[in-house]
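Structure below is my_file_22.txt: compact mmCIF, C-alpha atoms.
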```
# COMPACT_ATOMS: atom_id res chain seq x y z
CA MET F 264 77.39 102.20 102.14
CA PRO F 265 78.33 105.87 101.62
CA ILE F 266 81.63 106.60 99.90
CA PRO F 267 83.37 109.99 100.20
CA GLU F 268 83.31 112.08 97.03
CA ASP F 269 87.11 112.26 96.91
CA VAL F 270 87.28 108.48 96.34
CA THR F 271 87.18 108.00 92.57
CA GLY F 272 88.37 104.42 92.22
CA ASP F 273 91.45 105.49 90.28
CA GLU F 274 93.49 104.97 93.46
CA ILE F 275 93.52 101.17 93.08
CA ASP F 276 96.50 99.20 91.86
CA LYS F 277 96.88 98.99 88.09
CA ASP F 278 96.70 95.17 88.18
CA VAL F 279 93.37 95.33 89.99
CA ARG F 280 92.11 97.94 87.56
CA GLN F 281 93.02 95.59 84.73
CA GLU F 282 90.99 92.80 86.35
CA LEU F 283 87.98 95.09 86.58
CA GLN F 284 88.04 95.79 82.86
CA SER F 285 85.99 92.63 82.35
CA LEU F 286 83.05 94.47 84.00
CA PRO F 287 80.80 97.16 82.52
CA LYS F 288 82.36 100.57 83.05
CA THR F 289 79.89 101.89 85.65
CA LEU F 290 79.99 98.64 87.61
CA ALA F 291 83.79 98.58 87.48
CA GLU F 292 83.90 102.10 88.91
CA ASP F 293 81.55 101.16 91.77
CA VAL F 294 83.59 98.07 92.61
CA ALA F 295 86.85 100.04 92.45
CA ARG F 296 85.56 102.69 94.86
CA ASN F 297 84.48 100.03 97.34
CA LEU F 298 87.87 98.34 97.08
CA VAL F 299 89.57 101.66 97.79
CA MET F 300 87.49 101.99 100.95
CA VAL F 301 88.47 98.47 102.03
CA ALA F 302 92.14 99.34 101.68
CA ARG F 303 91.69 102.71 103.39
CA LEU F 304 89.87 101.34 106.45
CA LEU F 305 91.44 97.90 106.87
CA ASP F 306 93.86 98.88 109.66
CA GLU F 307 91.93 101.61 111.48
CA ASP F 308 88.35 100.41 111.04
CA PRO F 309 88.25 96.68 110.19
CA GLU F 310 84.47 96.47 110.60
CA GLY F 311 83.97 99.31 108.14
CA ALA F 312 86.38 97.69 105.70
CA TYR F 313 84.46 94.44 106.01
CA GLY F 314 81.21 96.22 105.14
CA TYR F 315 82.65 97.69 101.95
CA SER F 316 84.19 94.34 101.02
CA ARG F 317 80.75 92.72 101.20
CA VAL F 318 79.36 95.34 98.84
CA ALA F 319 82.21 94.73 96.36
CA LEU F 320 81.69 90.99 96.69
CA ARG F 321 78.00 91.33 95.96
CA LEU F 322 78.79 93.37 92.83
CA ALA F 323 81.65 91.30 91.42
CA SER F 324 82.20 87.94 93.10
CA ARG F 325 83.92 86.53 90.01
CA VAL F 326 86.83 88.97 90.21
CA ALA F 327 89.83 87.53 92.04
CA ALA F 328 90.92 90.89 93.48
CA VAL F 329 87.48 91.27 95.05
CA ARG F 330 87.66 87.83 96.64
CA GLU F 331 91.13 88.60 97.96
CA ALA F 332 90.02 91.93 99.43
CA ALA F 333 87.03 90.23 101.04
CA GLY F 334 89.40 87.65 102.49
CA PHE F 335 91.65 90.23 104.09
CA ALA F 336 88.68 92.15 105.48
CA ALA F 337 87.29 88.97 107.03
CA TYR F 338 90.75 88.07 108.36
CA ALA F 339 91.10 91.49 110.00
CA ASN F 340 87.80 90.81 111.79
CA GLN F 341 88.93 87.35 112.92
CA LYS F 342 86.36 85.65 110.66
CA TYR F 343 88.91 83.00 109.78
CA GLY F 344 86.62 80.47 108.15
CA GLU F 345 85.18 83.10 105.84
CA ALA F 346 88.62 84.53 105.10
CA LEU F 347 90.00 81.10 104.22
CA ALA F 348 87.13 80.46 101.80
CA GLU F 349 87.75 83.78 100.04
CA PHE F 350 91.50 83.23 99.82
CA ARG F 351 90.96 79.77 98.38
CA ALA F 352 88.58 81.22 95.78
CA ALA F 353 91.12 83.87 94.78
CA LYS F 354 93.86 81.23 94.52
CA ARG F 355 91.69 79.06 92.27
CA MET F 356 90.97 81.99 89.98
CA THR F 357 94.56 83.14 89.57
CA GLY F 358 96.76 80.18 90.47
CA ASN F 359 98.76 82.69 92.53
CA ILE F 360 100.46 81.15 95.57
CA ASP F 361 101.16 84.43 97.44
CA LEU F 362 98.21 83.90 99.79
CA TRP F 363 99.54 80.58 101.09
CA PRO F 364 100.98 81.94 104.38
CA VAL F 365 97.84 83.87 105.34
CA MET F 366 95.73 80.84 104.45
CA ALA F 367 97.87 78.79 106.84
CA ASP F 368 97.41 81.45 109.52
CA CYS F 369 93.64 81.16 109.04
CA GLU F 370 94.03 77.49 109.93
CA ARG F 371 95.69 78.60 113.16
CA GLY F 372 92.79 80.98 113.78
CA LEU F 373 90.43 78.04 113.36
CA GLU F 374 92.47 76.18 116.02
CA ARG F 375 93.97 73.77 113.51
CA PRO F 376 97.72 74.33 114.02
CA GLU F 377 98.54 70.87 112.66
CA LYS F 378 96.98 71.86 109.34
CA ALA F 379 99.05 75.05 109.32
CA LEU F 380 102.20 72.99 109.82
CA ASP F 381 101.21 70.69 106.97
CA MET F 382 100.91 73.75 104.75
CA ALA F 383 104.31 74.98 105.95
CA GLY F 384 105.85 71.78 104.61
CA ALA F 385 103.96 71.75 101.32
CA PRO F 386 105.66 72.20 97.90
CA GLU F 387 103.83 75.52 97.45
CA VAL F 388 106.18 77.14 99.98
CA HIS F 389 109.13 76.77 97.61
CA LYS F 390 107.26 78.87 95.05
CA LEU F 391 106.97 81.82 97.44
CA ASP F 392 109.31 84.80 97.22
CA LYS F 393 111.61 85.58 100.14
CA ALA F 394 109.02 87.69 101.96
CA GLY F 395 106.45 84.92 101.61
CA GLN F 396 108.84 82.29 102.90
CA VAL F 397 109.65 84.41 105.96
CA GLU F 398 105.92 84.92 106.55
CA MET F 399 105.40 81.17 106.29
CA ARG F 400 108.16 80.62 108.85
CA LEU F 401 106.43 83.03 111.25
CA VAL F 402 103.14 81.18 110.84
CA ALA F 403 104.81 77.80 111.38
CA ALA F 404 106.51 79.05 114.55
CA GLY F 405 103.17 80.34 115.79
CA ALA F 406 101.61 76.93 115.12
CA ARG F 407 104.39 75.27 117.13
CA ARG F 408 103.63 77.60 120.03
CA ASP F 409 99.92 76.82 119.70
CA LEU F 410 100.87 73.20 120.31
CA GLY F 411 103.06 74.10 123.30
CA GLN F 412 106.26 73.27 121.41
CA LEU F 413 108.33 76.28 122.45
CA ASP F 414 111.75 74.85 121.62
CA ALA F 415 110.52 73.81 118.17
CA ALA F 416 109.14 77.31 117.62
CA ILE F 417 112.54 78.82 118.44
CA VAL F 418 114.31 76.45 116.05
CA THR F 419 111.76 77.21 113.32
CA LEU F 420 112.61 80.92 113.49
CA GLN F 421 116.37 80.36 113.34
CA SER F 422 117.26 81.10 109.74
CA PRO F 423 119.65 83.08 107.52
CA GLU F 424 117.04 85.87 107.43
CA LEU F 425 117.12 86.11 111.23
CA ALA F 426 120.91 86.19 111.36
CA ALA F 427 121.30 88.73 108.54
CA ASN F 428 122.55 92.20 109.45
CA SER F 429 120.68 93.90 106.61
CA VAL F 430 117.23 95.26 107.43
CA GLN F 431 114.38 94.06 105.24
CA PRO F 432 110.62 94.73 105.54
CA TRP F 433 110.20 91.52 107.53
CA THR F 434 113.27 91.87 109.79
CA ALA F 435 111.63 93.59 112.77
CA ARG F 436 108.72 91.12 112.93
CA LEU F 437 111.02 88.12 112.59
CA ARG F 438 113.35 89.31 115.36
CA TYR F 439 110.36 90.21 117.54
CA ALA F 440 108.80 86.76 117.13
CA TYR F 441 112.13 85.14 118.00
CA ALA F 442 112.55 87.31 121.10
CA ASP F 443 109.00 86.57 122.20
CA ALA F 444 109.53 82.82 121.80
CA LEU F 445 112.76 82.99 123.79
CA LEU F 446 111.00 84.87 126.58
CA ALA F 447 108.16 82.33 126.64
CA ALA F 448 110.82 79.62 127.04
CA GLY F 449 112.33 81.43 130.03
CA ARG F 450 115.48 82.60 128.21
CA GLU F 451 115.15 86.21 129.34
CA SER F 452 118.68 87.52 128.66
CA GLU F 453 118.58 86.23 125.07
CA ALA F 454 115.08 87.60 124.66
CA ARG F 455 116.26 91.04 125.75
CA GLU F 456 119.05 90.95 123.17
CA TRP F 457 116.64 90.12 120.36
CA PHE F 458 114.02 92.64 121.43
CA ALA F 459 116.81 95.24 121.23
CA LYS F 460 117.66 94.03 117.72
CA ALA F 461 113.99 94.23 116.78
CA VAL F 462 113.90 97.85 117.96
CA GLU F 463 116.87 98.64 115.72
CA ALA F 464 115.05 97.22 112.69
CA ASP F 465 111.57 98.57 113.50
CA ARG F 466 111.74 101.83 111.59
CA ASP F 467 107.99 102.23 111.13
CA GLY F 468 106.83 101.10 114.57
CA SER F 469 105.20 97.91 113.34
CA THR F 470 105.88 96.15 116.66
CA ASP F 471 105.86 97.10 120.33
CA ALA F 472 109.46 95.88 120.73
CA SER F 473 110.54 99.08 122.48
CA ASP F 474 107.83 98.64 125.11
CA ARG F 475 108.76 95.00 125.64
CA LEU F 476 112.42 95.94 126.00
CA ALA F 477 111.60 98.65 128.53
CA GLU F 478 109.48 96.18 130.47
CA LEU F 479 112.38 93.74 130.69
CA ASP F 480 114.64 96.56 131.86
CA GLY F 481 112.16 97.47 134.59
CA VAL F 482 111.35 100.88 133.14
CA GLU F 483 107.95 102.25 134.12
CA PHE F 484 106.24 105.00 132.16
CA VAL F 485 104.44 107.66 134.24
CA ASP F 486 101.39 109.44 132.87
CA ALA F 487 102.31 113.13 133.07
CA MET F 488 98.67 114.20 132.94
CA ALA F 489 97.83 111.90 135.83
CA GLY F 490 100.63 113.55 137.83
CA ASP F 491 99.21 117.00 137.14
CA THR F 492 95.79 115.85 138.31
CA ASP F 493 97.27 114.57 141.55
CA GLU F 494 98.97 117.91 142.15
CA VAL F 495 95.68 119.77 141.65
CA GLU F 496 93.95 117.44 144.04
CA ASN F 497 96.70 117.87 146.62
CA ASP F 498 96.33 121.64 146.43
CA GLU F 499 92.68 121.45 147.47
CA VAL F 500 91.79 122.37 151.07
CA PRO F 501 91.27 119.24 153.21
CA ALA F 502 87.68 118.63 154.22
CA SER F 503 88.65 118.86 157.89
CA GLU F 504 89.86 122.44 157.35
CA THR F 505 86.81 123.57 155.36
CA PRO F 506 84.40 125.65 157.49
CA LYS F 507 80.98 124.10 157.98
CA ALA F 508 77.84 125.90 156.80
CA ASP F 509 76.60 126.81 160.31
CA GLU F 510 80.04 128.21 161.20
CA VAL F 511 79.94 130.41 158.12
CA GLU F 512 76.48 131.69 159.08
CA VAL F 513 77.69 132.59 162.59
CA GLU F 514 80.68 134.47 161.18
CA VAL F 515 78.44 136.40 158.77
CA ALA F 516 76.01 137.31 161.56
CA GLU F 517 78.84 138.50 163.81
CA ALA F 518 80.22 140.62 160.98
CA GLN F 519 76.81 142.20 160.46
CA ASP F 520 76.50 142.98 164.20
CA GLU F 521 79.89 144.65 164.15
CA ASP F 522 78.84 146.78 161.18
CA GLU F 523 75.66 147.84 162.98
CA ASP F 524 77.65 148.77 166.11
CA GLU F 525 79.92 150.92 163.99
CA ASP F 526 76.89 152.65 162.47
CA ASP F 527 75.44 153.40 165.95
CA LYS F 528 78.72 154.95 167.00
CA ASP F 529 78.66 157.19 163.97
```
Could you quickly redo this structure as structure tokens?
Amino acid sequence: MPIPEDVTGDEIDKDVRQELQSLPKTLAEDVARNLVMVARLLDEDPEGAYGYSRVALRLASRVAAVREAAGFAAYANQKYGEALAEFRAAKRMTGNIDLWPVMADCERGLERPEKALDMAGAPEVHKLDKAGQVEMRLVAAGARRDLGQLDAAIVTLQSPELAANSVQPWTARLRYAYADALLAAGRESEAREWFAKAVEADRDGSTDASDRLAELDGVEFVDAMAGDTDEVENDEVPASETPKADEVEVEVAEAQDEDEDEDDKD
């Protein structure tokens, strides 16, 4: 797959670059450039990112960073079985537990919420950092909802992180998930309160909490361009008032006759 000339491979994380040092220099550079493209396209063009991840995987399947990147590219394309296999491979290579929550979410994607809940209760969770534990809580709550256990999902999300006033990278998503679970359970007034709190914490627009809040408040957004189009259409002459072709011809003929009469008089 073509790679833009401005992508050198030096953009990758230093830890990944260190992993690639086990490869011949030219090969390491090729793999690095493909990994840069995966990272660059993952959000905006998941299919493109997946394509570059397959190239990197073909070049260096024994590098953990490559397996991890391939996993995230597959995950972004909802290829959950493939993603889970890649994440497991990366975990075996490094012993790193950071991928545990996304692995559990892959189980949800494969319609195995019970397995995701088993993973949420596994000893590995205690080895996660705070962000990972919050992510695991979100996955567990989602698994509860998959099983139709709305009240259990709400309880799962209730935590010191949810109640904290300080804003962390995970705060908006945690509050949003809690609000959404409350709304699904029919607790609309509480849901509105937590959507509002999610809006306060969502500094980078990672959720649509503001839209959900507006919807609950009955606010409707009007497309200004659509309004302009309507005005243009309303300014057009109604078909009933538009002269027909034969009427136009008669008027033209009469005008010509009048001109000829004027010429005769002259």
Test item: residues at most 12 Å from Asp278 in chain F, only C-alpha atoms, excluding those fewer than 3 positions along its chain, as a ChimeraX atom specification: /F:273-275,281-284,295,326-328
One-decimal distance in Å that lies between CA of Gly405 in chain F and CA of Trp363 in chain F: 15.1 Å
Shell of 10 Å around range 303-305 of chain F, all atoms listed in the file, local chain residues under 4 positions omitted, as a PyMOL selection string: chain F and resi 297-299+309-313+315-316+332+335-340
Selection file, C-alpha atoms, as a PDB file, in the frame of the given file:
```pdb
ATOM      1  CA  ASN F 297      84.480 100.030  97.340  1.00  0.00           C
ATOM      2  CA  LEU F 298      87.870  98.340  97.080  1.00  0.00           C
ATOM      3  CA  VAL F 299      89.570 101.660  97.790  1.00  0.00           C
ATOM      4  CA  PRO F 309      88.250  96.680 110.190  1.00  0.00           C
ATOM      5  CA  GLU F 310      84.470  96.470 110.600  1.00  0.00           C
ATOM      6  CA  GLY F 311      83.970  99.310 108.140  1.00  0.00           C
ATOM      7  CA  ALA F 312      86.380  97.690 105.700  1.00  0.00           C
ATOM      8  CA  TYR F 313      84.460  94.440 106.010  1.00  0.00           C
ATOM      9  CA  TYR F 315      82.650  97.690 101.950  1.00  0.00           C
ATOM     10  CA  SER F 316      84.190  94.340 101.020  1.00  0.00           C
ATOM     11  CA  ALA F 332      90.020  91.930  99.430  1.00  0.00           C
ATOM     12  CA  PHE F 335      91.650  90.230 104.090  1.00  0.00           C
ATOM     13  CA  ALA F 336      88.680  92.150 105.480  1.00  0.00           C
ATOM     14  CA  ALA F 337      87.290  88.970 107.030  1.00  0.00           C
ATOM     15  CA  TYR F 338      90.750  88.070 108.360  1.00  0.00           C
ATOM     16  CA  ALA F 339      91.100  91.490 110.000  1.00  0.00           C
ATOM     17  CA  ASN F 340      87.800  90.810 111.790  1.00  0.00           C
TER      18      ASN F 340
END
```
Residues within 10 Å of range 385-393 of chain F, all atoms listed in the file, excluding chain neighbours under 2 positions, as number ranges by chain: F: 359-364, 379-383, 395-400, 424, 433
Between CA of Glu292 in chain F and CA of Arg351 in chain F - distance in Å to one decimal: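 Between CA of Arg351 in chain F and CA of Glu292 in chain F the gap works out to 25.3 Å.
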Separation of CA of Ala302 in chain F from CA of Asp276 in chain F in Å: 10.7 Å
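Take the candidates F:Arg371, F:Lys378, F:Arg466, F:Arg317 and check each one against Gln341 in chain F using all atoms listed in the file; the shortest distance goes to F:Arg371.
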Residue with smallest distance to Ala415 in chain F - pool F:Leu320, F:Gly384, F:Val270, F:Tyr441, counting only C-alpha atoms: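 Looking only at the distances to Ala415 in chain F, the closest residue turns out to be F:Tyr441.
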Pick from F:Val329, F:Leu410, F:Leu425, F:Ala472, whichever lies nearest to Glu374 in chain F using only C-alpha atoms: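 Checking each of F:Val329, F:Leu410, F:Leu425, F:Ala472 against Glu374 in chain F, counting only C-alpha atoms, the winner is F:Leu410.
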Nearest residue to Arg375 in chain F from the set F:Gly334, F:Gly344, F:Gly358, F:Pro287 (distances using all atoms listed in the file): F:Gly344
Distance query Asn428 in chain F at most 12 Å, only C-alpha atoms, self and fewer than 3 positions along chain excluded, as a ChimeraX atom specification: /F:423-425,431,434-435,438,460-461,463-464
Any chance you could build range 447-471 of chain F out to N, CA and C atoms and write it as a PDB file, keeping the file's coordinate frame?
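The file below, selection_19.pdb, is the result:
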```pdb
ATOM      1  N   ALA F 447     109.146  83.337 126.232  1.00  0.00           N
ATOM      2  CA  ALA F 447     108.160  82.330 126.640  1.00  0.00           C
ATOM      3  C   ALA F 447     108.847  81.068 127.145  1.00  0.00           C
ATOM      4  N   ALA F 448     110.059  80.800 126.619  1.00  0.00           N
ATOM      5  CA  ALA F 448     110.820  79.620 127.040  1.00  0.00           C
ATOM      6  C   ALA F 448     111.671  79.888 128.268  1.00  0.00           C
ATOM      7  N   GLY F 449     111.588  81.097 128.825  1.00  0.00           N
ATOM      8  CA  GLY F 449     112.330  81.430 130.030  1.00  0.00           C
ATOM      9  C   GLY F 449     113.749  81.894 129.793  1.00  0.00           C
ATOM     10  N   ARG F 450     114.111  82.179 128.553  1.00  0.00           N
ATOM     11  CA  ARG F 450     115.480  82.600 128.210  1.00  0.00           C
ATOM     12  C   ARG F 450     115.507  84.133 128.117  1.00  0.00           C
ATOM     13  N   GLU F 451     115.403  84.767 129.285  1.00  0.00           N
ATOM     14  CA  GLU F 451     115.150  86.210 129.340  1.00  0.00           C
ATOM     15  C   GLU F 451     116.297  87.049 128.796  1.00  0.00           C
ATOM     16  N   SER F 452     117.552  86.704 129.126  1.00  0.00           N
ATOM     17  CA  SER F 452     118.680  87.520 128.660  1.00  0.00           C
ATOM     18  C   SER F 452     118.782  87.498 127.138  1.00  0.00           C
ATOM     19  N   GLU F 453     118.567  86.322 126.537  1.00  0.00           N
ATOM     20  CA  GLU F 453     118.580  86.230 125.070  1.00  0.00           C
ATOM     21  C   GLU F 453     117.406  86.991 124.471  1.00  0.00           C
ATOM     22  N   ALA F 454     116.270  86.891 125.144  1.00  0.00           N
ATOM     23  CA  ALA F 454     115.080  87.600 124.660  1.00  0.00           C
ATOM     24  C   ALA F 454     115.337  89.096 124.652  1.00  0.00           C
ATOM     25  N   ARG F 455     115.976  89.607 125.694  1.00  0.00           N
ATOM     26  CA  ARG F 455     116.260  91.040 125.750  1.00  0.00           C
ATOM     27  C   ARG F 455     117.142  91.463 124.584  1.00  0.00           C
ATOM     28  N   GLU F 456     118.140  90.638 124.280  1.00  0.00           N
ATOM     29  CA  GLU F 456     119.050  90.950 123.170  1.00  0.00           C
ATOM     30  C   GLU F 456     118.292  91.049 121.850  1.00  0.00           C
ATOM     31  N   TRP F 457     117.356  90.131 121.643  1.00  0.00           N
ATOM     32  CA  TRP F 457     116.640  90.120 120.360  1.00  0.00           C
ATOM     33  C   TRP F 457     115.532  91.165 120.299  1.00  0.00           C
ATOM     34  N   PHE F 458     114.959  91.513 121.439  1.00  0.00           N
ATOM     35  CA  PHE F 458     114.020  92.640 121.430  1.00  0.00           C
ATOM     36  C   PHE F 458     114.767  93.925 121.052  1.00  0.00           C
ATOM     37  N   ALA F 459     115.996  94.068 121.559  1.00  0.00           N
ATOM     38  CA  ALA F 459     116.810  95.240 121.230  1.00  0.00           C
ATOM     39  C   ALA F 459     117.109  95.266 119.724  1.00  0.00           C
ATOM     40  N   LYS F 460     117.397  94.101 119.161  1.00  0.00           N
ATOM     41  CA  LYS F 460     117.660  94.030 117.720  1.00  0.00           C
ATOM     42  C   LYS F 460     116.393  94.330 116.918  1.00  0.00           C
ATOM     43  N   ALA F 461     115.256  93.920 117.454  1.00  0.00           N
ATOM     44  CA  ALA F 461     113.990  94.230 116.780  1.00  0.00           C
ATOM     45  C   ALA F 461     113.734  95.721 116.779  1.00  0.00           C
ATOM     46  N   VAL F 462     114.060  96.391 117.876  1.00  0.00           N
ATOM     47  CA  VAL F 462     113.900  97.850 117.960  1.00  0.00           C
ATOM     48  C   VAL F 462     114.751  98.533 116.894  1.00  0.00           C
ATOM     49  N   GLU F 463     115.967  98.052 116.711  1.00  0.00           N
ATOM     50  CA  GLU F 463     116.870  98.640 115.720  1.00  0.00           C
ATOM     51  C   GLU F 463     116.286  98.548 114.310  1.00  0.00           C
ATOM     52  N   ALA F 464     115.577  97.448 114.040  1.00  0.00           N
ATOM     53  CA  ALA F 464     115.050  97.220 112.690  1.00  0.00           C
ATOM     54  C   ALA F 464     113.655  97.797 112.483  1.00  0.00           C
ATOM     55  N   ASP F 465     112.976  98.140 113.582  1.00  0.00           N
ATOM     56  CA  ASP F 465     111.570  98.570 113.500  1.00  0.00           C
ATOM     57  C   ASP F 465     111.480 100.064 113.223  1.00  0.00           C
ATOM     58  N   ARG F 466     111.681 100.420 111.963  1.00  0.00           N
ATOM     59  CA  ARG F 466     111.740 101.830 111.590  1.00  0.00           C
ATOM     60  C   ARG F 466     110.364 102.477 111.483  1.00  0.00           C
ATOM     61  N   ASP F 467     109.332 101.661 111.287  1.00  0.00           N
ATOM     62  CA  ASP F 467     107.990 102.230 111.130  1.00  0.00           C
ATOM     63  C   ASP F 467     107.063 101.909 112.296  1.00  0.00           C
ATOM     64  N   GLY F 468     107.630 101.393 113.380  1.00  0.00           N
ATOM     65  CA  GLY F 468     106.830 101.100 114.570  1.00  0.00           C
ATOM     66  C   GLY F 468     105.798 100.016 114.372  1.00  0.00           C
ATOM     67  N   SER F 469     106.145  98.989 113.615  1.00  0.00           N
ATOM     68  CA  SER F 469     105.200  97.910 113.340  1.00  0.00           C
ATOM     69  C   SER F 469     105.056  96.930 114.496  1.00  0.00           C
ATOM     70  N   THR F 470     105.962  97.012 115.475  1.00  0.00           N
ATOM     71  CA  THR F 470     105.880  96.150 116.660  1.00  0.00           C
ATOM     72  C   THR F 470     105.952  97.008 117.916  1.00  0.00           C
ATOM     73  N   ASP F 471     105.701  96.393 119.058  1.00  0.00           N
ATOM     74  CA  ASP F 471     105.860  97.100 120.330  1.00  0.00           C
ATOM     75  C   ASP F 471     107.158  96.660 121.018  1.00  0.00           C
TER      76      ASP F 471
END
```
